[in-house]
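Here's the structure, in structure tokens; my notes come after.
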Amino acid sequence: MHIIETYFECGGFDHRFLQGGISVYLWNLSKALAEKGHRVSVVTPAHGRLDDLRESYDLETLDYRDTYELPLVLDPHTWGDRFPAEVGIPLTTTAHLLRLDGIDLYFLSNELLDQLPDRFYPPYGSKGQDLVFFKPLAYQVDSIRFIRHRFAGQKSLVHAHEPYYHYLIPAAFRGDPSKLVVGSVQSNMPITKQVYRPKVRRLLDFLDAADALPAEDTGPAPTEHESVMSGYQQLTHLHYEYGPDHVRVYDLVADHADLVDFLSPGHLDFYTDFADTPFEELFTRLPVHDTVRRNAHKSFVGGCAVGDTWTTGEPPAVDRAAVLRGLGLDHELPTFFHNARYAVNHKGQTELFRAVDRVLTQGLAANFVLRCLSDGGIDDPYVQEVAERHKGRVHLEWERVEERRIVEYAASSDFCLFPSKFEMDTFLIAQGEAMAVGAVPIATAQLGMAHFGHVADPLHGPDAAHATGFAVNRSFAEDDPLLADALARRIHEAAALLREQPEQYRKLRSNSMATARQFTWERAADLHLAAFTPLWEGGRPELAIDRMVRHGWFELLPEQAYDTHGAAIAEAALRLGDVAAYRRCRPLDLPAARALFEAAWARGDFARCEQTADSEPELRARLDGRHTAEDGRIVYRLPHAERVELVRLAETETGRQQVTVQPLDRSGVEFSGELQSSEGELYLLLTLISGRCAWDVVRHG
């Protein structure tokens, strides 16, 4: 096959020419595909670094000169009157070829692509202020035009990465019989992310793909409950609202690509139904839910990998005593390691420092090596206070260092800490790296990290023999006390395990290393080729019945599935509390009705509880008795709730709607709080002991 990899940057072959992790992923995957015997080309911007490339590599300037004007229609709500409604940026693009490790890298250069040579990516502050904000759009248009010219008529598979950086590419090539397009979802950017529709319309027209623009969303105005749920999502980083005349970038990719690639099984599952999150119920009511389902047959897991430095050969020989003494720490104490960029919400670092502060204040004898990468340092006084208060127990650093030092830190540690939040991680290479050299993970039970095996109960569960570490519940709240509490408990448990059950610790360590080391680039190449090859040979994917069943898409099942997969459908329906689907497979007798009620009750799905509540008086009493809301006070009773919050949507003085969150006071299994006399329906967000989030609606009075 001829595989054309394309992304906004691809300098993973040389650390001087990279900014983000996708660049490293792209280079390693390209090498692995080339090593399998395929022709691999990479198309990427030069970012004004041609002279630097020439100093170190044999760079050939091609006979390619493309002069055109990039048409941009500007959103007046963002750009105001700083620029005309439509601007044209004159560009002359040249191409430069570097052949390296059997791969052809094409670097594109013009007046816009050469901007920002030090950071590559436009700062968010340039939006509405500086046309350099549209550099990623110029990359898309230039890549399309270059591929059309350089590889005209050549059968090729274009593998493009991250929807926001390639949403024009599938549409541009959908009418070209010589080109197949695979879109890759690299991050958990909100699936509802949108861009200005007139801008996209003009660019698609410019690229001779005007008919690829999706139809505008139609449907009823949102209910009050939907507005409250949508407003709350601004706090979860899962969904943002947009004004009229916008279009979702995911629709442009999913509808027009031949396949859509994800980094891990959990990543795909999360992006399919957002299960157990505060966004799940709202997601099922949005048009993008239909986009996901109609394109689900295109989705596959191409995977990601942990670098060869970490996964090949014997574990590195490290002098633990020397490494930890060099950091001012006691090498005989349990040691915990964290390694991530400094992003307090994404990486759960606020809760991490609160947990570290707590366990050390409580007297735990342990070391914490905390790397929070930030070129600008860390200006949070609390973080600095924790490091200073526990000097000799906490080593904090934020500088870029050689990979060898990170290997030494991880290999000298007993445990690694990754309390990432908001399901923003889709593979988490750093966790795999630490595990590969023997650090047992303590990490959130995010779906995008589940492949590392830490979610299994390490001591008592049915999967204990394969467990790799300890999990804490997912978090979708900023500065979440539940996450900080869970982390502190797990740190204490881990230290006790190392001290009191060394054999069990060694088992976890062995499992951890073996699990992480299976994620190689060769494996990722094989997974991609397993999807690419049938497509190349003319095949088209179909949506598996098992996947429809797993996600509860019972209405999409063919009639015969209820005969061939009846047991699996009944099991899934029971798990979800779906009476209609269960009834099609099994008799709805009294034990089944109770089981369906209990499953829905455990999930906090009270609408489905309602379907079977009248089968027994006790069930009806339990359902109706879960709350009282009258005389300006609410009392909510749910034994398996860990937090109950009253979410309101109010109008500000400027006319904008703003969400407010009132945590209810907890006493045992009851949660209570004061109400405003004028309130009618109350919208409650429940966080259950399992970590699941669910909504409940209660009528005041």
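Naming works like this for the structure tokens: A, B, ... for the chains as they're shown, residue 1 at the start of each chain, ligands 1 onward in shown order.
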
Which residues are near segment 697-701 of chain A? Cut-off 8 Å, only C-alpha atoms, ignore same chain within fewer than 2 positions. Put them as JSON, numbers by chain. {"A": [627, 629, 630, 631, 634, 679, 680, 681, 682, 683, 684, 695]}

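Near Arg584 of chain A, within 9 Å and counting only C-alpha atoms, sit Tyr562, Gly566, Ala570, Val579 and Ala580 of chain A, not including residues fewer than 4 positions from it in the same chain.
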
Now that the selection is made, can you save its residues with N, CA, C and O atoms as a short mmCIF file (atom, residue, chain, number, x, y, z; two decimals), in the first residue's frame?
```
data_model
loop_
_atom_site.label_atom_id
_atom_site.label_comp_id
_atom_site.auth_asym_id
_atom_site.auth_seq_id
_atom_site.Cartn_x
_atom_site.Cartn_y
_atom_site.Cartn_z
N TYR A 562 -32.26 -11.42 17.44
CA TYR A 562 -32.92 -11.84 18.67
C TYR A 562 -32.96 -13.37 18.78
O TYR A 562 -33.14 -13.91 19.87
N GLY A 566 -29.77 -14.00 21.34
CA GLY A 566 -30.77 -13.74 22.37
C GLY A 566 -30.20 -13.64 23.77
O GLY A 566 -30.56 -12.73 24.54
N ALA A 570 -30.32 -10.29 26.08
CA ALA A 570 -31.00 -10.29 27.39
C ALA A 570 -30.06 -9.84 28.49
O ALA A 570 -30.45 -9.07 29.38
N VAL A 579 -36.36 -2.68 29.70
CA VAL A 579 -37.46 -3.64 29.76
C VAL A 579 -37.87 -4.09 28.36
O VAL A 579 -38.08 -5.28 28.11
N ALA A 580 -37.99 -3.16 27.42
CA ALA A 580 -38.47 -3.50 26.08
C ALA A 580 -37.55 -4.51 25.41
O ALA A 580 -38.02 -5.49 24.81
#
```

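Shell of Thr311 of chain A at 9 Å, with only C-alpha atoms counted and residues fewer than 5 places along the chain excluded, is Val306, Glu433, Ala436, Val437, Met513, Ala516, Arg517, Gln518, Phe519 and Thr520 of chain A.
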
Next, dump the selected residues to file, keeping only N, CA and C atoms, as an mmCIF file, in the first residue's frame.
```cif
data_model
loop_
_atom_site.group_PDB
_atom_site.id
_atom_site.type_symbol
_atom_site.label_atom_id
_atom_site.label_comp_id
_atom_site.auth_asym_id
_atom_site.auth_seq_id
_atom_site.Cartn_x
_atom_site.Cartn_y
_atom_site.Cartn_z
ATOM 1 N N VAL A 306 4.043 2.283 23.612
ATOM 2 C CA VAL A 306 5.072 2.789 24.511
ATOM 3 C C VAL A 306 6.403 2.652 23.771
ATOM 4 N N GLU A 433 4.884 3.904 30.163
ATOM 5 C CA GLU A 433 6.338 3.957 30.341
ATOM 6 C C GLU A 433 6.731 3.587 31.767
ATOM 7 N N ALA A 436 6.201 -0.052 32.481
ATOM 8 C CA ALA A 436 7.114 -0.940 31.750
ATOM 9 C C ALA A 436 8.422 -1.172 32.481
ATOM 10 N N VAL A 437 8.789 -0.250 33.377
ATOM 11 C CA VAL A 437 10.034 -0.427 34.125
ATOM 12 C C VAL A 437 9.764 -0.756 35.592
ATOM 13 N N MET A 513 4.555 -4.686 34.344
ATOM 14 C CA MET A 513 5.589 -4.642 33.321
ATOM 15 C C MET A 513 5.162 -5.413 32.073
ATOM 16 N N ALA A 516 2.346 -3.443 30.083
ATOM 17 C CA ALA A 516 2.807 -2.253 29.371
ATOM 18 C C ALA A 516 3.700 -2.605 28.194
ATOM 19 N N ARG A 517 4.501 -3.643 28.333
ATOM 20 C CA ARG A 517 5.491 -3.971 27.302
ATOM 21 C C ARG A 517 4.873 -4.597 26.052
ATOM 22 N N GLN A 518 3.599 -4.962 26.118
ATOM 23 C CA GLN A 518 2.963 -5.510 24.918
ATOM 24 C C GLN A 518 2.566 -4.407 23.936
ATOM 25 N N PHE A 519 2.557 -3.150 24.383
ATOM 26 C CA PHE A 519 2.114 -2.052 23.524
ATOM 27 C C PHE A 519 3.310 -1.503 22.736
ATOM 28 N N THR A 520 3.642 -2.205 21.665
ATOM 29 C CA THR A 520 4.774 -1.825 20.822
ATOM 30 C C THR A 520 4.268 -1.175 19.536
#
```

For atom CA of Ser126 of chain A and atom CA of Asp142 of chain A, the interatomic separation in Å (one decimal):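 For atom CA of Ser126 of chain A relative to atom CA of Asp142 of chain A, the distance reads 21.1 Å.
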
Residues of segment 224-365 of chain A in strand (DSSP E or B), written as an MDAnalysis selection string: chainID A and resid 246:248 259:262 299:301 335:341

Could you list, as a PyMOL selection string, every residue within 8 Å of segment 157-165 of chain A, counting only C-alpha atoms and ignoring same-chain residues fewer than 3 positions away? chain A and resi 1-8+136-137+140+169+179-187+249-250+253+536

Just the residues within 12 Å of Arg294 of chain A, please, counting only C-alpha atoms, with nothing from its chain fewer than 6 positions along; format it as a PyMOL selection string. chain A and resi 251+254-256+272+287-288+542-543+548+553+556

Export of the given selection (C-alpha atoms) as an mmCIF file, in the first residue's frame:
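Saved result, selection-v7.cif, follows:
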```cif
data_model
loop_
_atom_site.group_PDB
_atom_site.id
_atom_site.type_symbol
_atom_site.label_atom_id
_atom_site.label_comp_id
_atom_site.auth_asym_id
_atom_site.auth_seq_id
_atom_site.Cartn_x
_atom_site.Cartn_y
_atom_site.Cartn_z
ATOM 1 C CA ASP A 251 -19.523 15.113 11.446
ATOM 2 C CA ALA A 254 -17.022 10.675 10.320
ATOM 3 C CA ASP A 255 -19.471 11.164 7.441
ATOM 4 C CA HIS A 256 -16.821 11.434 4.719
ATOM 5 C CA THR A 272 -19.290 6.202 21.315
ATOM 6 C CA PRO A 287 -27.787 15.269 16.666
ATOM 7 C CA VAL A 288 -24.177 14.112 17.041
ATOM 8 C CA GLU A 542 -20.068 -3.559 8.724
ATOM 9 C CA LEU A 543 -21.308 -2.844 12.227
ATOM 10 C CA MET A 548 -24.741 -2.888 18.881
ATOM 11 C CA TRP A 553 -28.494 -0.004 20.401
ATOM 12 C CA LEU A 556 -30.670 -1.096 15.301
#
```

Using DSSP secondary structure from the backbone, list all helix (DSSP H, G or I) positions within segment 445-686 of chain A, as a PDB file with C-alpha atoms, in the first residue's frame.
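This is the output file result.pdb:
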```
ATOM      1  CA  LEU A 447     -11.832   4.121  29.802  1.00  0.00           C
ATOM      2  CA  GLY A 448      -8.956   5.610  27.828  1.00  0.00           C
ATOM      3  CA  MET A 449      -6.508   4.088  30.333  1.00  0.00           C
ATOM      4  CA  ALA A 450      -8.293   0.785  31.063  1.00  0.00           C
ATOM      5  CA  HIS A 451      -6.015  -1.202  28.723  1.00  0.00           C
ATOM      6  CA  PHE A 452      -3.280  -0.893  31.356  1.00  0.00           C
ATOM      7  CA  ALA A 464      -7.108 -10.189  40.465  1.00  0.00           C
ATOM      8  CA  ALA A 465      -4.642 -12.603  38.866  1.00  0.00           C
ATOM      9  CA  HIS A 466      -4.166 -10.155  35.984  1.00  0.00           C
ATOM     10  CA  PRO A 481     -12.661  16.241  47.028  1.00  0.00           C
ATOM     11  CA  LEU A 482     -13.882  12.719  46.194  1.00  0.00           C
ATOM     12  CA  LEU A 483     -10.836  12.154  43.988  1.00  0.00           C
ATOM     13  CA  ALA A 484      -8.441  13.600  46.568  1.00  0.00           C
ATOM     14  CA  ASP A 485      -9.943  11.325  49.250  1.00  0.00           C
ATOM     15  CA  ALA A 486      -9.713   8.256  47.023  1.00  0.00           C
ATOM     16  CA  LEU A 487      -6.108   8.994  46.088  1.00  0.00           C
ATOM     17  CA  ALA A 488      -5.086   9.371  49.723  1.00  0.00           C
ATOM     18  CA  ARG A 489      -6.724   6.039  50.594  1.00  0.00           C
ATOM     19  CA  ARG A 490      -5.048   4.256  47.689  1.00  0.00           C
ATOM     20  CA  ILE A 491      -1.621   5.677  48.560  1.00  0.00           C
ATOM     21  CA  HIS A 492      -1.979   4.357  52.113  1.00  0.00           C
ATOM     22  CA  GLU A 493      -3.166   0.955  50.793  1.00  0.00           C
ATOM     23  CA  ALA A 494      -0.294   0.745  48.330  1.00  0.00           C
ATOM     24  CA  ALA A 495       2.335   1.537  50.934  1.00  0.00           C
ATOM     25  CA  ALA A 496       0.806  -1.052  53.284  1.00  0.00           C
ATOM     26  CA  LEU A 497       0.798  -3.662  50.528  1.00  0.00           C
ATOM     27  CA  LEU A 498       4.481  -3.093  49.795  1.00  0.00           C
ATOM     28  CA  ARG A 499       5.298  -3.332  53.494  1.00  0.00           C
ATOM     29  CA  GLU A 500       3.009  -6.187  54.557  1.00  0.00           C
ATOM     30  CA  PRO A 502       5.628  -8.084  49.369  1.00  0.00           C
ATOM     31  CA  GLU A 503       4.740 -11.190  47.355  1.00  0.00           C
ATOM     32  CA  GLN A 504       1.466  -9.607  46.220  1.00  0.00           C
ATOM     33  CA  TYR A 505       3.311  -6.405  45.345  1.00  0.00           C
ATOM     34  CA  ARG A 506       5.818  -8.351  43.246  1.00  0.00           C
ATOM     35  CA  LYS A 507       2.915 -10.013  41.409  1.00  0.00           C
ATOM     36  CA  LEU A 508       1.403  -6.626  40.587  1.00  0.00           C
ATOM     37  CA  ARG A 509       4.797  -5.338  39.477  1.00  0.00           C
ATOM     38  CA  SER A 510       5.311  -8.320  37.183  1.00  0.00           C
ATOM     39  CA  ASN A 511       1.822  -7.926  35.698  1.00  0.00           C
ATOM     40  CA  SER A 512       2.381  -4.199  35.275  1.00  0.00           C
ATOM     41  CA  MET A 513       5.589  -4.642  33.321  1.00  0.00           C
ATOM     42  CA  ALA A 514       4.211  -7.424  31.133  1.00  0.00           C
ATOM     43  CA  THR A 515       1.049  -5.475  30.319  1.00  0.00           C
ATOM     44  CA  ALA A 516       2.807  -2.253  29.371  1.00  0.00           C
ATOM     45  CA  ARG A 517       5.491  -3.971  27.302  1.00  0.00           C
ATOM     46  CA  TRP A 521       4.790   0.140  17.566  1.00  0.00           C
ATOM     47  CA  GLU A 522       4.893  -3.132  15.647  1.00  0.00           C
ATOM     48  CA  ARG A 523       1.634  -4.102  17.331  1.00  0.00           C
ATOM     49  CA  ALA A 524       0.116  -0.706  16.463  1.00  0.00           C
ATOM     50  CA  ALA A 525       1.186  -1.139  12.836  1.00  0.00           C
ATOM     51  CA  ASP A 526      -0.421  -4.592  12.723  1.00  0.00           C
ATOM     52  CA  LEU A 527      -3.696  -3.233  14.129  1.00  0.00           C
ATOM     53  CA  HIS A 528      -3.751  -0.448  11.544  1.00  0.00           C
ATOM     54  CA  LEU A 529      -2.943  -2.813   8.692  1.00  0.00           C
ATOM     55  CA  ALA A 530      -5.710  -5.183   9.802  1.00  0.00           C
ATOM     56  CA  ALA A 531      -8.135  -2.320   9.085  1.00  0.00           C
ATOM     57  CA  PHE A 532      -6.315  -0.734   6.137  1.00  0.00           C
ATOM     58  CA  THR A 533      -5.833  -3.911   4.085  1.00  0.00           C
ATOM     59  CA  PRO A 534      -9.516  -4.903   3.626  1.00  0.00           C
ATOM     60  CA  LEU A 535     -10.305  -1.285   2.745  1.00  0.00           C
ATOM     61  CA  TRP A 536      -7.467  -1.218   0.198  1.00  0.00           C
ATOM     62  CA  ILE A 545     -24.039  -7.197  16.204  1.00  0.00           C
ATOM     63  CA  ASP A 546     -21.923  -7.625  19.335  1.00  0.00           C
ATOM     64  CA  ARG A 547     -21.098  -3.926  19.273  1.00  0.00           C
ATOM     65  CA  MET A 548     -24.741  -2.888  18.881  1.00  0.00           C
ATOM     66  CA  VAL A 549     -25.605  -5.095  21.837  1.00  0.00           C
ATOM     67  CA  ARG A 550     -22.765  -3.781  24.001  1.00  0.00           C
ATOM     68  CA  PHE A 554     -31.245  -2.609  20.425  1.00  0.00           C
ATOM     69  CA  GLU A 555     -33.436  -0.767  17.930  1.00  0.00           C
ATOM     70  CA  LEU A 556     -30.670  -1.096  15.301  1.00  0.00           C
ATOM     71  CA  ALA A 561     -30.322 -11.111  15.995  1.00  0.00           C
ATOM     72  CA  TYR A 562     -32.915 -11.841  18.673  1.00  0.00           C
ATOM     73  CA  ASP A 563     -32.664 -15.522  17.680  1.00  0.00           C
ATOM     74  CA  THR A 564     -28.896 -15.734  17.128  1.00  0.00           C
ATOM     75  CA  GLY A 566     -30.774 -13.738  22.371  1.00  0.00           C
ATOM     76  CA  ALA A 567     -28.752 -14.553  25.484  1.00  0.00           C
ATOM     77  CA  ALA A 568     -26.313 -11.668  24.927  1.00  0.00           C
ATOM     78  CA  ILE A 569     -29.156  -9.230  24.234  1.00  0.00           C
ATOM     79  CA  ALA A 570     -31.000 -10.292  27.385  1.00  0.00           C
ATOM     80  CA  GLU A 571     -27.832  -9.905  29.452  1.00  0.00           C
ATOM     81  CA  ALA A 572     -27.162  -6.418  28.058  1.00  0.00           C
ATOM     82  CA  ALA A 573     -30.795  -5.388  28.501  1.00  0.00           C
ATOM     83  CA  LEU A 574     -30.674  -6.565  32.110  1.00  0.00           C
ATOM     84  CA  ARG A 575     -27.443  -4.643  32.728  1.00  0.00           C
ATOM     85  CA  LEU A 576     -29.032  -1.457  31.360  1.00  0.00           C
ATOM     86  CA  VAL A 579     -37.463  -3.636  29.758  1.00  0.00           C
ATOM     87  CA  ALA A 580     -38.474  -3.502  26.082  1.00  0.00           C
ATOM     88  CA  ALA A 581     -35.309  -5.218  24.846  1.00  0.00           C
ATOM     89  CA  TYR A 582     -35.392  -7.814  27.625  1.00  0.00           C
ATOM     90  CA  ARG A 583     -39.024  -8.693  26.914  1.00  0.00           C
ATOM     91  CA  LEU A 590     -41.533 -11.129  38.707  1.00  0.00           C
ATOM     92  CA  PRO A 591     -37.858 -12.066  39.309  1.00  0.00           C
ATOM     93  CA  ALA A 592     -36.926 -10.503  35.968  1.00  0.00           C
ATOM     94  CA  ALA A 593     -38.873  -7.344  36.745  1.00  0.00           C
ATOM     95  CA  ARG A 594     -37.083  -7.007  40.078  1.00  0.00           C
ATOM     96  CA  ALA A 595     -33.688  -7.667  38.483  1.00  0.00           C
ATOM     97  CA  LEU A 596     -34.371  -4.993  35.846  1.00  0.00           C
ATOM     98  CA  PHE A 597     -35.448  -2.553  38.558  1.00  0.00           C
ATOM     99  CA  GLU A 598     -32.347  -3.235  40.652  1.00  0.00           C
ATOM    100  CA  ALA A 599     -30.050  -2.765  37.656  1.00  0.00           C
ATOM    101  CA  ALA A 600     -31.666   0.565  36.795  1.00  0.00           C
ATOM    102  CA  TRP A 601     -31.661   1.580  40.473  1.00  0.00           C
ATOM    103  CA  ALA A 602     -27.929   0.853  40.750  1.00  0.00           C
ATOM    104  CA  ARG A 603     -27.341   3.047  37.687  1.00  0.00           C
ATOM    105  CA  PHE A 606     -35.085   6.218  37.572  1.00  0.00           C
ATOM    106  CA  ALA A 607     -37.029   6.526  34.321  1.00  0.00           C
ATOM    107  CA  ARG A 608     -36.316   2.841  33.712  1.00  0.00           C
ATOM    108  CA  CYS A 609     -37.030   2.032  37.357  1.00  0.00           C
ATOM    109  CA  GLU A 610     -40.490   3.457  36.723  1.00  0.00           C
ATOM    110  CA  GLN A 611     -41.160   0.741  34.113  1.00  0.00           C
ATOM    111  CA  THR A 612     -41.025  -2.072  36.679  1.00  0.00           C
ATOM    112  CA  ALA A 613     -41.665  -0.273  39.979  1.00  0.00           C
ATOM    113  CA  ASP A 614     -45.301  -1.445  40.187  1.00  0.00           C
ATOM    114  CA  SER A 615     -44.346  -5.115  40.046  1.00  0.00           C
ATOM    115  CA  PRO A 617     -45.007  -2.548  46.470  1.00  0.00           C
ATOM    116  CA  GLU A 618     -41.514  -2.359  48.003  1.00  0.00           C
ATOM    117  CA  LEU A 619     -40.035  -1.213  44.704  1.00  0.00           C
ATOM    118  CA  ARG A 620     -42.650   1.498  44.253  1.00  0.00           C
ATOM    119  CA  ALA A 621     -42.137   2.695  47.814  1.00  0.00           C
ATOM    120  CA  ARG A 622     -38.382   2.822  47.389  1.00  0.00           C
ATOM    121  CA  LEU A 623     -38.611   4.731  44.116  1.00  0.00           C
ATOM    122  CA  ASP A 624     -41.152   7.273  45.352  1.00  0.00           C
TER     123      ASP A 624
END
```

Would you kindly return, as a count of residues only, each protein, DNA or RNA residue with an atom no farther than 12 Å from any atom of Pro639 of chain A, considering only C-alpha atoms and excluding same-chain residues fewer than 2 positions away? 22

What does the structure give for the distance between atom CA of Glu397 of chain A and atom CA of Leu235 of chain A, in Å to one decimal?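 Those two atoms sit 28.7 Å apart.
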
Between atom CA of Leu360 of chain A and atom CA of Ala471 of chain A, what is the distance in Å, rounded to a tenth?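 One can read the atom CA of Leu360 of chain A to atom CA of Ala471 of chain A distance as 20.5 Å.
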
Do you have, as a tab-separated table, the list of residues of segment 361-405 of chain A lying at most 9 Å from segment 322-327 of chain A, each with its nearest atom pair and that distance in Å to one decimal, counting only C-alpha atoms and ordered by chain then number?
```
residue	atom	partner	partner_atom	distance
A:Asn367	CA	A:Leu324	CA	8.8
A:Val369	CA	A:Leu327	CA	8.5
A:Gly392	CA	A:Leu327	CA	8.3
A:Val394	CA	A:Leu327	CA	8.9
A:His395	CA	A:Leu327	CA	6.4
```

Take the residues from that selection and write them out as a CSV table (one decimal), in the first residue's frame, keeping N, CA and C atoms.
```csv
chain,number,residue,atom,x,y,z
A,367,ASN,N,8.2,8.6,49.8
A,367,ASN,CA,8.8,9.6,48.9
A,367,ASN,C,7.8,9.9,47.7
A,369,VAL,N,8.1,11.6,43.9
A,369,VAL,CA,8.8,12.3,42.8
A,369,VAL,C,7.8,12.8,41.8
A,392,GLY,N,12.4,16.7,51.7
A,392,GLY,CA,13.0,15.5,52.1
A,392,GLY,C,12.0,14.3,51.8
A,394,VAL,N,9.2,15.1,49.3
A,394,VAL,CA,8.7,15.5,48.0
A,394,VAL,C,9.8,16.1,47.1
A,395,HIS,N,10.0,15.6,45.9
A,395,HIS,CA,10.8,16.2,44.9
A,395,HIS,C,9.9,16.7,43.8
```

List the neighbours of Ser413 of chain A out to 12 Å using only C-alpha atoms; skip same-chain residues closer than 2 positions along the sequence, and give me the result as a ChimeraX atom specification. /A:318-321,323-324,329-339,366-370,406-411,415-417,434-441,495,498,509

Considering only C-alpha atoms, state which residue in the set A:Ala46, A:Leu74, A:Leu53, A:Val24 is at the smallest distance from Ala95 of chain A.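 Of the candidates, the smallest distance to Ala95 of chain A is held by A:Ala46.
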